[in-house]
Amino acid sequence: MADIPAAAPRRFRRTHNVYLWFGSSLLGFFIFLAIFGPMLAPYDPTEQDLFALLEGPSATHWLGTDNIGRDIFSRILAGTGYTVSIALSSVLLAGIGGVALGSVAGYFGGKVDRVLSGIIDLLLTVPNIVLAIAIASVAGSSAMGLTIAITASFIPPLARLVRSKVIELKEEDFVAASVTIGMSHWRILLHHVLPNALTVIIIELSLNAGQAVLIGSALGFLGLGVQPPAPEWGTMLGASREFLTVAPHLIMAPGIAISLLVLAFNTFGDGLRDFFDPNLEK
Amino acid sequence: MSNVLAVEGLTVNLTTQDRSFDVLSDISLTVAQGEILALVGESGSGKSMTALSIMGLLPDPVAAVTSGAIYFDGIDLARADETTMRKLRGNRIGLIFQEPMTSLNPTMRVGPQVAEVLELHKGLKAHEARARVEGIFALVRIPDPKSRYDNYPHQMSGGMRQRVMIAIALACDPDLLIADEPTTALDVTTQSQILDTLRDLQAELGKATILITHDLAVVAETANRVAVMYAGRIVEQTSTEQLFATPRHPYTVGLLHAIPRDEAMPGEGRGRLVEIPGSVPALWNLPKGCAFAPRCSRATQQCQDSRPSLVDIQPGHQVACWHPVEAEI
Amino acid sequence: MSALLEVEGLTRHFAVTNSAGNSIGTVHAVTDVSFKIGAGETLGLIGESGCGKSTVSKMVVRLVEPTRGAVVLEGEDINKVSFSRMKMLRKRVQMVFQDPFGSLDPRQAAEDIIAEPLLVHGMRSKSERRARVVELMERVGLRADQMRNTPAAFSGGQRQRIAIARALALNPALIVADEPVSALDVSIQAQVVNLMVDIQKELGLSYLFVSHDLGVIRHISDRVAVMYLGRIVEIGRTSDLFANPGHPYTRTLMDALPKPNPARRLSKKRVPRGEIPSPLNPPTGCAFHPRCPLATDVCRQQLPALRPLAGGTQGACHHAA
Amino acid sequence: MQRRQFLTAAAGAAALAALPATTLRAFAQSGSGTITYGQSTSILTLDPAHGAFTGYPGGYEAALLLFDRLLDFDADMKIVPQLAQSYEMSEDLQTCTISLRSGVTFHDGTPLDAAAVKFNIERMMNKDINTTNRPLWDPISGVETPDDTTVVITTSAPFAQLPNTLAHGSGAIVSPAAIEKFGEDGFAQNPVGAGPYELEAFSPGQELTLKAFAGYWGGKPGADRIVFKFIAEPATRISALTTGAVDIIDSVPVQLVSQLAGNADIEVINRPGLRPIGLIINLTRPTLSEVKVRQALNLAVPVVTIAEKVFFGYAQAPDSPLAFDAIGHKSVGELVYDQEKAKALLAEAGYAPGADGIVEKDGARLSLALYVPEGLFPGDVAVAEIVSGALKQIGVEAVITKIEKGAYWDYLRQDKASMVWDLAMFGFNPSNASGTYHLASLFKSNADDNGKPDVWNAGRYNNPRVDELLNLADTAPAEADRLAALGEAQDIIWADAPHVWLQVNENVSAARKSVSGVAVMPIVFTTLRDAKI
Amino acid sequence: MLRFLLRRIASIPLVAFGVVLILFLLFKSVPGDEASFVAGATATQAEIDAIRIALGLDRPLPEQFIRHIAGLLQGDFGYSTTFRGNPLPHILSRIPATLALTASAILLTIVIGIPAGIIAGANRNRWPDLVISFSVVGLLAVPNFWLGMVLIAVFSVSLGILPSFGADSILSLVIPTLALSARLIALVARMTRGVVIEELRKNYVRTARAKGLGSHAILVSHVLRNVLIPTVTIIGLQAGYLLGGSVVIERLCAWPGIGDLMLTAISVRDYTLVQAITLIFVIGFMLINIGVDLLYRFINPRLRYG
């Protein structure tokens with residue numbers, strides 16, 4: 001139907017995007033918790049009650065207490081901020097790095113591309129959690145170290161994605177058209193290529209944010225995360241491992257919190273993808 | 001000559017996420033044995049939909065026949081169940097598609113892709129089928145059929161692949177052949193070769209054939225009869241000679257004039273082509289009256305208010321127009 | 001007529017690698033192509049897929065760098081000028097692409113697409129730009145009230161009009177049109193061809209018009225060049241070429257083209273032989289020899305040069321009269 | 001289709017082929033006569049010269065079976081002869097004469113005679129080979145072998161702890177022939193000793209299999225085979241024990257003891273340890289050089305509650321710088337939890353609460369950097385978190401930094417300028433059981449407080465009287481005098497509070513009742529020497 | 001094919017060199033004194049200095065790197081504090097366990113993920129698809145180590161029917177394999193579903209329908225192979241995830257592979273060992289990808305008959 005104008009821009013057409021609706025609500029909920037969680041928490045997340053250790057859920061402690069008598073519910077709430085902000089900031093930084101590297105390599109090609117792609121491919125051969133573990137062990141246990149580790153492990157795959165998308169867009173006639181009107185390459189890259197790659201990048205970043213939560217919590221679980229007594233979820237899981245047999249409820253709350261947050265990022269990303277391109281299959 | 005296929009008042013509805021509309025409205029046509037009927041029209045006119053309706057290959061559940069019938073050998077294909085249709089497809093109705101580059105399975109050798117039809121419908125064993133397939137390859141002018149049998153599609157040129165598609169369609173000696181834009185994706189020299197083969201096969205085998213194309217020149221060189229489609233309807237239907245000699249529908253006239261012609265003045269003058277103003281309306285947003293009225297220089301209030309139906313204006317020449325062009329050109 | 005554009009010995013070869021990165025040969029996309037286009041003239045470039053006509057058009061606007069040869073625009077070799085000079089030269093040559101979907105940035109409004117060349121070449125005032133856009137849109141038959149729509153809201157024909165408006169924005173001397181109407185329906189094709197003809201009459205610019213459609217080429221061109229496997233096999237005035245095609249390939253093309261004449265249906269036609277060889281390993285000698293009814297040993301061994309033929313065209317054939 | 005089946009089959013075969021032999025070994029083999037011990041720490045090296053803190057105490061426990069020593073500790077840490085038939089310290093505490101058991105051979109058949117013992121002791125004296133345990137061996141100045149069964153060891157100064165050294169894990173006697181055969185580097189993976197069990201198979205960090213040594217001088221040991229398996233996870237260790245996959249486990253997390261105790265097939269074996277855990281206070285910091293502040297810190301931490309609640313009673317609050325069972329321990333005080341008094345002491349020291357609740361003096365907040373290793377001491381991070389929480393109550397901020405255990409010692413033993421911590425968790429295990437050794441290692445003043453600490457006096461405690469008393473405790477000819485000196489030293493150190501005293505943990509192991517004779521020693525080790533199945 | 005293989009294998013040392021360089025620089029930037037980690041807890045300054053000289057840590061960085069590379073070429077990965085020497089034999093002895101774990105995870109992924117994706121794709125928007133897609137969304141959100149913990153809690157602790165640790169019997173593989181492969185199964189199922197849907201839209205499927213083939217026959221004899229081509233690539237790309245995931249899962253389940261060893265190495269700051277294992281992971285990843293490429297060429301006739 002080459003000659004039939006699309007009646008309306010497609011973005012106004014989709015009203016049944018369950019993923020986007022669900023993902024953004026859940027994500028909104030987590031962001032709300034990240035900001036207001038500490039205020040809502042019934043207890044100070046570091047407050048200990050040595051006479052109420054490893055207690056199960058009760059009216060006083062909704063999700064029970066941990067091995068030194070801290071209120072798990074309060075810790076989960078207080079931990080939301082860590083996890084959400086580490087995920088978002090690392091993904092944002094990785095996005096900036098990945099876009100810079102990938103677009104320069106993809107657009108300008110030639111020697112620049114060979115050098116940059118060489119480095120990217122090299123880093124891609126290191127499994128990303130291994131890279132993150134290695135970097136975390138150097139960067140040290142802190143929110144900053146964790147962010148650096150996750151960021152660094154996400155830049156290579158993002159750069160590769162951006163590069164291939166940029167190469168694809170570079171072949172488009174509208175880029176050729178911009179060349180023929182005398183536009184500079186930097187301007188073409190910034191005004192025509194990157195804006196058209198943006199949706200792909202945003203979708204990928206959103207999905208990466210879910211991955212960042214997973215990798216961050218895995219590092220926390222392995223003891224490479226934040227410093228105690230910060231209530232980071234992965235670290236909480238790592239600490240509750242010892243009590244798996246006596247207090248299995250300890251692993252439930254952080255595990256479910258992580259899963260829900262990942263779910264939120266993933267479905268939000270899927271929803272965005274459906275939103276921008278309903279024909280793309282996941 | 002008996003009719004192999006008779007389509008009567010076929011209407012097909014398409015439902016998308018946003019809207020529901022008819023892609024085909026009240027289509028009636030017949031194809032007789034030994035006859036090539038051309039369905040011609042621009043993109044979106046519904047010609048391919050017609051082919052898919054006959055084959056029962058409408059995208060389910062998005063598109064569905066809402067009224068009308070498609071009679072083939074006493075069966076109403078519009079109402080036949082999937083089992084019946086499967087027995088007909090590839091067996092008694094052969095279909096050739098537009099894109100020979102993608103219509104073959106890229107991971108399967110071409111011979112078995114033809115043999116598959118024979119094994120399915122004729123119960124042949126693989127080794128029996130092979131001999132037959134090689135024969136059919138020869139029939140459709142594929143040189144060196146024996147070695148070509150084991151080629152993968154990517155090892156063949158577009159023209160050869162289209163011949164393989166024709167071989168698939170002809171393998172079971174069908175009663176009806178539907179060729180959907182069989183040469184559109186091909187270069188002009190290749191197109192010429194394929195059209196030549198189709199004409200030869202028609203002369204040899206005398207199938208009832210529906211040729212779907214947007215190219216009136218292809219119609220002129222190939223078809224006996226022509227149905228011109230516009231916005232989901234047939235607007236004119238007659239013999240090829242009649243259509244080119246005395247087109248009656250303003251749209252047909254416009255199409256014929258829009259082609260840069262042999263007979264028209266050579267280059268330097270660069271006179272204007274006759275253009276049809278405007279563009280094809282969206283099917284979900286058709287005007288109340290004649291769909292062509294907004295682009296038609298002859299349109300009157302009547303054309304805008306009510307839709308003309310397809311009527312005989314002379315024997316064997318049907319036009320759907322309130323103000324047909326006079327029989328001269 | 002002094003030449004606006006002179007193309008001399010233009011050659012472009014691509015190294016081809018397979019998916020594993022192994023070199024599997026060189027594609028001879030374009031070899032030794034020369035032609036001239038005068039002011040106000042239209043040169044039609046015709047050929048089947050893979051003949052190199054698109055590559056030629058891309059080299060003329062310097063989207064592809066030639067392996068050898070020169071593209072001389074108004075006396076300057078565009079591959080040898082400075083960066084800033086090139087920017088100025090770009091104002092003189094504009095391009096219209098085949099795919100009206102791909103050649104417009106889907107995120108830009110029509111106005112911004114058409115105004116972009118103006119902006120790039122220093123028209124700072126927004127109101128001036130808008131005035132020019134309105135003028136251009138009207139010139140190509142679009143309503144100015146559609147200017148804020150993105151390409152998705154336009155039909156294929158309308159998009160091609162936007163592309164033409166953009167090409168016109170800088171008042172070029174030459175427009176390279178690469179299959180500008182191939183993706184359009186017949187009725188729309190006529191509209192766009194007419195538009196281009198009208199504009200040429202009005203502004204006196206030149207076209208390099210690339211197409212595989214003999215009818216369109218014949219209609220619009222002053223002169224026609226026929227390409228086969230990367231080389232020009234025949235070139236000449238349109239009337240001469242169509243009246244007396246000299247090269248066997250030109251004749252084959254014309255024979256192969258279906259005519260809207262039902263009388264031809266029953267007559268026996270000359271059907272081309274063989275298939276187009278791969279440009280990866282073109283045949284020796286005259287590339288057309290495997291398909292040529294006139295071919296002899298000399299055709300297999302020697303590359304024919306362009307020479308004047310009896311019909312008034314120049315053809316590269318050992319045997320043509 | 002065929003191709004697909006082939007691929008599937010190939011992948012399957014690859015997976016099976018990839019399984020190591022040990023992986024596929026079924027439970028069947030661990031039948032009669034085999035004791036399987038699930039250890040919380042891995043065995044990486046089996047050379048007694050390797051201190052191997054990384055694998056401590058896993059390797060020591062295996063060494064107890066592989067190697068015999070001249071002397072041994074009994075269950076109460078009393079020194080008893082093992083390869084020695086008898087030993088005698090000279091009056092001046094500078095010579096020890098040992099009479100060897102005769103006819104003892106190593107697993108490789110070579111004789112364990114005086115020459116072999118001399119070789120071993122000289123090997124441990126060699127600083128290039130034995131890089132750890134230096135305070136145990138440095139005092140030794142020479143070894144003589146008057147005859148095949150007599151060894152005379154001399155020290156450069158009076159050294160009452162020499163028998164403790166010989167009974168210590170590093171005193172294990174290895175086969176000189178094997179050292180020669182495998183080289184200094186190779187021996188660690190191919191150990192040959194004269195213990196009741198000899199090496200069968202060893203994959204470092206995973207599994208060690210020992211089999212009964214037929215030629216053992218003490219007769220056939222209690223099991224045909226003992227398998228040491230490294231299982232880091234407490235929960236998996238316990239499920240392994242309850243399912244019978246292993247017979248013995250160590251380091252039962254205290255929270256799981258009650259669960260195990262309820263199992264009729266399992267016996268919990270626990271023993272108070274010799275390692276008091278505490279926080280070394282960095283005395284080079286002006287704020288912390290004030291004893292009132294240090295006492296306030298001690299008063300602020302609910303140590304008794306920690307012992308009872310966090311460690312479920314499997315720990316005690318100390319009453320001395322030494323653990324209860326250490327030789328020479330004297331009860332010198334009691335740990336009181338009194339935050340009001342702590343606050344008062346801080347106020348006396350000139351601190352007043354600031355805006356955020358943290359006390360200040362001259363505008364400087366009392367904020368301390370608390371360093372803690374992860375996984376080196378029982379509940380280390382959790383205890384640090386509790387301390388931090390408790391100190392907050394009296395207005396002292398303690399910011400926790402946790403360090404991988406491998407790097408921790410480097411942080412702890414820095415020269416003065418590089419000390420980044422104010423409080424650092426530490427616990428010293430006197431593996432030769434000597435209280436004198438313990439206090440000397442921790443509280444004897446350093447030769448140069450600006451450089452790295454000589455031993456473990458990382459906080460730079462310096463009290464000449466304590467130095468004097470500790471010297472006396474090592475050199476006084478009469479045991480009573482030595483003990484008195486040690487007692488007084490404990491009094492002084494306790495009052496000076498150079499550490500925040502925390503807890504003395506019990507060592508808890510568990511065994512299936514089908515296995516008997518498993519013992520837990522105060523020095524952390526679980527010994528299987530007398531284990532029977 | 002052979003040339004391709006040789007070329008790919010030849011690229012391994014090049015990549016390995018780059019990775020070695022990156023790791024070398026990374027770990028040289030670690031704060032703290034390498035020699036004192038090696039020397040241990042009770043070493044004196046003199047001893048630490050001696051070690052520094054013995055290990056060549058006093059030399060300029062480029063020289064250290066050259067020595068490092070020279071050592072690697074002779075199979076000497078450097079001085080590991082954990083093993084007091086070249087860690088290579090110890091790493092090699094642990095490779096089979098990691099291989100067994102990752103191979104069984106890949107196997108499970110192929111056996112479950114691909115069919116699930118095909119079933120979902122072929123029944124798009126009907127209940128089998130909804131069930132599978134829902135599970136996929138769930139599995140993709142769950143951290144693998146938490147899944148492992150839950151599996152241990154349920155099957156080992158509560159039910160006592162599966163061993164939770166170590167590598168004693170084939171049953172020991174169950175929990176780590178499930179925990180490791182769950183996410184990959186979900187990913188592969190999801191991608192396969194997408195590929196199936198995409199393939200089903202292609203023209204050759206329309207041709208098959210026009211031949212009179214039923215949906216099942218089309219799926220099996222036409223679509224399957226076309227689906228496998230991209231799917232194999234996906235599995236290859238995810239091999240990195242698998243190797244990385246094994247680090248966490250091996251630690252959780254006390255599976256004696258190199259991932260577990262890597263964490264031990266990190267906790268004792270044995271960076272020689274960390275670097276060596278990372279290098280092994282990289283080489284393993286490349287080998288898997290070469291294998292996948294070969295398989296890809298094997299399935300895809302376009303590459304077999306260029």
# chains A, B, ... in the order shown; residues from 1 in each chain; ligands from 1
call {"tool": "residues_around", "arguments": {"residues": "B:Arg132", "least_positions_apart": "2", "cutoff": "12 Å", "atoms": "only C-alpha atoms", "output": "PyMOL selection string"}}
result
chain B and resi 111-112+114-119+122+124-130+134-139+145-146+149+167-168+170-173
call {"tool": "interface_residues", "arguments": {"of": "chain A", "to": "chain E", "cutoff": "7 Å", "atoms": "only C-alpha atoms", "output": "list in words"}}
result
Leu122, Thr125, Val126, Pro127, Asn128, Ile129, Val130, Ser137, Val138, Leu214, Leu244, Thr245, Gly255, Ser259, Leu260, Val262, Leu263, Glu281 and Lys282 of chain A
call {"tool": "write_last_selection", "arguments": {"atoms": "N, CA, C and O atoms", "output": "CSV table (one decimal), in the first residue's frame"}}
result
chain,number,residue,atom,x,y,z
A,122,LEU,N,37.2,-6.7,22.3
A,122,LEU,CA,38.1,-7.2,23.3
A,122,LEU,C,37.3,-7.4,24.6
A,122,LEU,O,37.3,-8.4,25.3
A,125,THR,N,34.7,-10.0,25.0
A,125,THR,CA,35.0,-11.4,25.2
A,125,THR,C,35.1,-11.7,26.7
A,125,THR,O,35.2,-12.9,27.1
A,126,VAL,N,35.1,-10.7,27.5
A,126,VAL,CA,35.1,-10.9,29.0
A,126,VAL,C,33.6,-10.9,29.4
A,126,VAL,O,32.9,-9.9,29.3
A,127,PRO,N,33.1,-12.1,29.9
A,127,PRO,CA,31.7,-12.1,30.3
A,127,PRO,C,31.4,-11.0,31.3
A,127,PRO,O,32.2,-10.7,32.1
A,128,ASN,N,30.3,-10.3,31.1
A,128,ASN,CA,30.1,-9.0,31.7
A,128,ASN,C,30.1,-9.1,33.2
A,128,ASN,O,30.6,-8.2,33.9
A,129,ILE,N,29.6,-10.2,33.8
A,129,ILE,CA,29.6,-10.2,35.3
A,129,ILE,C,31.1,-10.4,35.8
A,129,ILE,O,31.5,-9.9,36.8
A,130,VAL,N,31.8,-11.2,35.0
A,130,VAL,CA,33.2,-11.4,35.3
A,130,VAL,C,34.0,-10.1,35.3
A,130,VAL,O,34.7,-9.7,36.2
A,137,SER,N,36.2,-5.6,42.4
A,137,SER,CA,37.3,-6.0,43.3
A,137,SER,C,38.4,-4.9,43.4
A,137,SER,O,39.1,-4.8,44.4
A,138,VAL,N,38.5,-4.2,42.3
A,138,VAL,CA,39.5,-3.1,42.3
A,138,VAL,C,38.9,-1.8,42.8
A,138,VAL,O,39.6,-1.1,43.6
A,214,LEU,N,20.3,-6.8,38.4
A,214,LEU,CA,20.7,-8.1,38.6
A,214,LEU,C,22.2,-8.2,38.9
A,214,LEU,O,22.6,-8.9,39.8
A,244,LEU,N,19.6,-19.6,55.9
A,244,LEU,CA,18.7,-20.2,55.0
A,244,LEU,C,17.8,-21.3,55.7
A,244,LEU,O,16.6,-21.4,55.4
A,245,THR,N,18.4,-22.0,56.5
A,245,THR,CA,17.7,-23.1,57.1
A,245,THR,C,16.8,-22.7,58.3
A,245,THR,O,15.8,-23.2,58.5
A,255,GLY,N,14.8,-10.9,47.7
A,255,GLY,CA,14.7,-11.6,46.4
A,255,GLY,C,13.5,-11.1,45.6
A,255,GLY,O,13.6,-10.8,44.4
A,259,SER,N,13.5,-9.0,42.1
A,259,SER,CA,12.8,-9.5,40.9
A,259,SER,C,11.7,-8.5,40.4
A,259,SER,O,11.6,-8.3,39.2
A,260,LEU,N,11.0,-7.9,41.4
A,260,LEU,CA,10.0,-6.9,40.9
A,260,LEU,C,10.6,-5.7,40.3
A,260,LEU,O,10.1,-5.2,39.3
A,262,VAL,N,13.5,-5.6,38.7
A,262,VAL,CA,13.9,-6.1,37.4
A,262,VAL,C,12.7,-6.2,36.4
A,262,VAL,O,12.8,-5.8,35.3
A,263,LEU,N,11.7,-6.8,37.0
A,263,LEU,CA,10.5,-6.9,36.2
A,263,LEU,C,10.0,-5.6,35.7
A,263,LEU,O,9.6,-5.4,34.5
A,281,GLU,N,9.4,-8.0,17.3
A,281,GLU,CA,9.2,-9.0,18.3
A,281,GLU,C,10.4,-9.0,19.3
A,281,GLU,O,11.5,-8.8,18.9
A,282,LYS,N,10.1,-9.4,20.5
A,282,LYS,CA,11.1,-9.4,21.5
A,282,LYS,C,12.0,-10.7,21.3
A,282,LYS,O,11.4,-11.7,21.0
call {"tool": "select_by_dssp", "arguments": {"residues": "stretch 136-226 of chain D", "states": "alpha helix (DSSP H)", "output": "PDB file with C-alpha atoms, in the first residue's frame"}}
result
ATOM      1  CA  LEU D 136      57.564 -19.429  67.475  1.00  0.00           C
ATOM      2  CA  TRP D 137      60.810 -20.294  65.770  1.00  0.00           C
ATOM      3  CA  LEU D 162      59.607 -24.097  73.288  1.00  0.00           C
ATOM      4  CA  PRO D 163      57.465 -27.194  73.949  1.00  0.00           C
ATOM      5  CA  ASN D 164      54.445 -25.227  72.762  1.00  0.00           C
ATOM      6  CA  THR D 165      56.268 -24.497  69.541  1.00  0.00           C
ATOM      7  CA  LEU D 166      57.082 -28.144  69.043  1.00  0.00           C
ATOM      8  CA  ALA D 167      53.466 -29.079  69.668  1.00  0.00           C
ATOM      9  CA  PRO D 176      63.216 -34.986  54.186  1.00  0.00           C
ATOM     10  CA  ALA D 177      63.366 -37.489  51.339  1.00  0.00           C
ATOM     11  CA  ALA D 178      60.022 -36.258  50.055  1.00  0.00           C
ATOM     12  CA  ILE D 179      61.165 -32.639  50.227  1.00  0.00           C
ATOM     13  CA  GLU D 180      64.130 -33.594  48.151  1.00  0.00           C
ATOM     14  CA  LYS D 181      62.005 -35.571  45.749  1.00  0.00           C
ATOM     15  CA  PHE D 182      59.248 -33.032  45.187  1.00  0.00           C
ATOM     16  CA  GLY D 183      61.176 -29.876  45.920  1.00  0.00           C
ATOM     17  CA  GLU D 184      60.143 -27.037  48.201  1.00  0.00           C
ATOM     18  CA  ASP D 185      57.336 -26.058  45.849  1.00  0.00           C
ATOM     19  CA  GLY D 186      56.050 -29.504  44.994  1.00  0.00           C
TER      20      GLY D 186
END
call {"tool": "select_by_dssp", "arguments": {"residues": "stretch 253-461 of chain D", "states": "strand (DSSP E or B)", "output": "ChimeraX atom specification"}}
result
/D:266-281,315-316,327,352-353,359-361,364-365,367-374,397-404,423-427,434
call {"tool": "interface_residues", "arguments": {"of": "chain E", "to": "chain D", "cutoff": "9 Å", "atoms": "only C-alpha atoms", "output": "PyMOL selection string"}}
result
chain E and resi 32-33+36-37+39-45+47+81-85+90+93-104+106-107+110-111+152+156-157+160+163-170+172+251-256+261+265-270
call {"tool": "closest_atom_pairs", "arguments": {"of": "chain A", "to": "chain D", "cutoff": "10 Å", "atoms": "only C-alpha atoms", "output": "tab-separated table"}}
result
residue	atom	partner	partner_atom	distance
A:Thr46	CA	D:Gly389	CA	7.0
A:Glu47	CA	D:Gly389	CA	6.9
A:Gln48	CA	D:Gly389	CA	7.1
A:Asp49	CA	D:Ile386	CA	9.6
A:Leu50	CA	D:Lys309	CA	6.4
A:Phe51	CA	D:Lys309	CA	6.9
A:Ala52	CA	D:Lys309	CA	8.7
A:Leu53	CA	D:Lys309	CA	7.6
A:Leu54	CA	D:Gln255	CA	9.4
A:Asn67	CA	D:Val310	CA	7.2
A:Ile68	CA	D:Val310	CA	6.7
A:Gly69	CA	D:Val310	CA	9.1
A:Ser137	CA	D:Glu404	CA	8.9
A:Gly140	CA	D:Ile403	CA	8.6
A:Ser141	CA	D:Lys402	CA	7.6
A:Ser142	CA	D:Thr401	CA	9.2
A:Gly223	CA	D:Glu374	CA	8.0
A:Leu224	CA	D:Glu404	CA	8.7
A:Val226	CA	D:Lys402	CA	9.1
A:Gln227	CA	D:Thr401	CA	6.0
A:Pro228	CA	D:Ile400	CA	6.2
A:Pro229	CA	D:Glu385	CA	6.1
A:Ala230	CA	D:Ile400	CA	9.8
A:Ala239	CA	D:Ala382	CA	8.8
A:Arg241	CA	D:Ala235	CA	7.5
A:Glu242	CA	D:Pro234	CA	6.0
A:Phe243	CA	D:Gln255	CA	7.3
A:Leu244	CA	D:Ala235	CA	6.5
A:Thr245	CA	D:Ala235	CA	6.4
A:Val246	CA	D:Leu256	CA	6.5
A:Ala247	CA	D:Gln255	CA	9.4
call {"tool": "closest_atom_pairs", "arguments": {"of": "chain E", "to": "chain B", "cutoff": "8 Å", "atoms": "only C-alpha atoms", "output": "CSV"}}
result
residue,atom,partner,partner_atom,distance
E:Lys202,CA,B:Thr102,CA,7.4
E:Asn203,CA,B:Ser103,CA,4.5
E:Tyr204,CA,B:Ser103,CA,4.1
E:Val205,CA,B:Ser103,CA,7.6
E:Arg206,CA,B:Ser103,CA,7.4
E:Thr207,CA,B:Ser103,CA,6.0
E:Arg209,CA,B:Arg89,CA,7.6
E:Ala210,CA,B:Arg89,CA,5.4
E:Lys211,CA,B:Gly90,CA,3.8
E:Gly212,CA,B:Arg86,CA,4.2
E:Leu213,CA,B:Arg86,CA,6.5
E:Gly214,CA,B:Arg86,CA,7.0
E:His222,CA,B:Asn105,CA,6.7
E:Arg225,CA,B:Thr107,CA,6.9
E:Asn226,CA,B:Thr107,CA,6.6
E:Asn300,CA,B:Thr107,CA,6.5
E:Pro301,CA,B:Thr107,CA,5.9
E:Arg302,CA,B:His154,CA,6.7
call {"tool": "interface_residues", "arguments": {"of": "chain C", "to": "chain A", "cutoff": "6 Å", "atoms": "only C-alpha atoms", "output": "short mmCIF file (atom, residue, chain, number, x, y, z; two decimals) with N, CA, C and O atoms, in the first residue's frame"}}
result
data_model
loop_
_atom_site.label_atom_id
_atom_site.label_comp_id
_atom_site.auth_asym_id
_atom_site.auth_seq_id
_atom_site.Cartn_x
_atom_site.Cartn_y
_atom_site.Cartn_z
N LYS C 87 31.74 22.18 -0.10
CA LYS C 87 30.45 22.58 0.45
C LYS C 87 29.75 23.54 -0.52
O LYS C 87 28.54 23.46 -0.72
N ARG C 90 28.46 21.66 -3.53
CA ARG C 90 27.28 20.85 -3.24
C ARG C 90 25.98 21.62 -3.52
O ARG C 90 24.96 21.04 -3.80
N GLY C 102 12.93 6.31 2.56
CA GLY C 102 14.23 6.31 3.21
C GLY C 102 14.98 7.62 3.09
O GLY C 102 15.88 7.88 3.87
N SER C 103 14.61 8.45 2.13
CA SER C 103 15.46 9.62 1.91
C SER C 103 15.02 10.81 2.75
O SER C 103 15.64 11.85 2.71
N LEU C 104 13.96 10.63 3.51
CA LEU C 104 13.54 11.71 4.40
C LEU C 104 13.68 11.23 5.84
O LEU C 104 13.25 10.13 6.18
N ASP C 105 14.28 12.08 6.67
CA ASP C 105 14.41 11.72 8.09
C ASP C 105 13.02 11.62 8.70
O ASP C 105 12.28 12.61 8.73
N PRO C 117 18.79 22.45 3.87
CA PRO C 117 19.89 22.95 3.03
C PRO C 117 20.08 24.45 3.21
O PRO C 117 21.22 24.93 3.18
N VAL C 120 21.96 24.94 6.45
CA VAL C 120 23.35 24.52 6.34
C VAL C 120 24.15 25.55 5.57
O VAL C 120 25.32 25.79 5.88
N ALA C 153 3.05 11.15 7.36
CA ALA C 153 1.71 11.64 7.06
C ALA C 153 1.51 11.92 5.57
O ALA C 153 0.42 12.29 5.15
N PHE C 154 2.57 11.74 4.78
CA PHE C 154 2.46 11.99 3.34
C PHE C 154 2.42 10.68 2.56
O PHE C 154 2.94 9.67 3.01
N SER C 155 1.83 10.73 1.37
CA SER C 155 1.86 9.55 0.51
C SER C 155 3.20 9.51 -0.22
O SER C 155 3.98 10.48 -0.19
N GLY C 156 3.47 8.38 -0.88
CA GLY C 156 4.75 8.21 -1.56
C GLY C 156 5.03 9.32 -2.56
O GLY C 156 6.13 9.87 -2.60
#
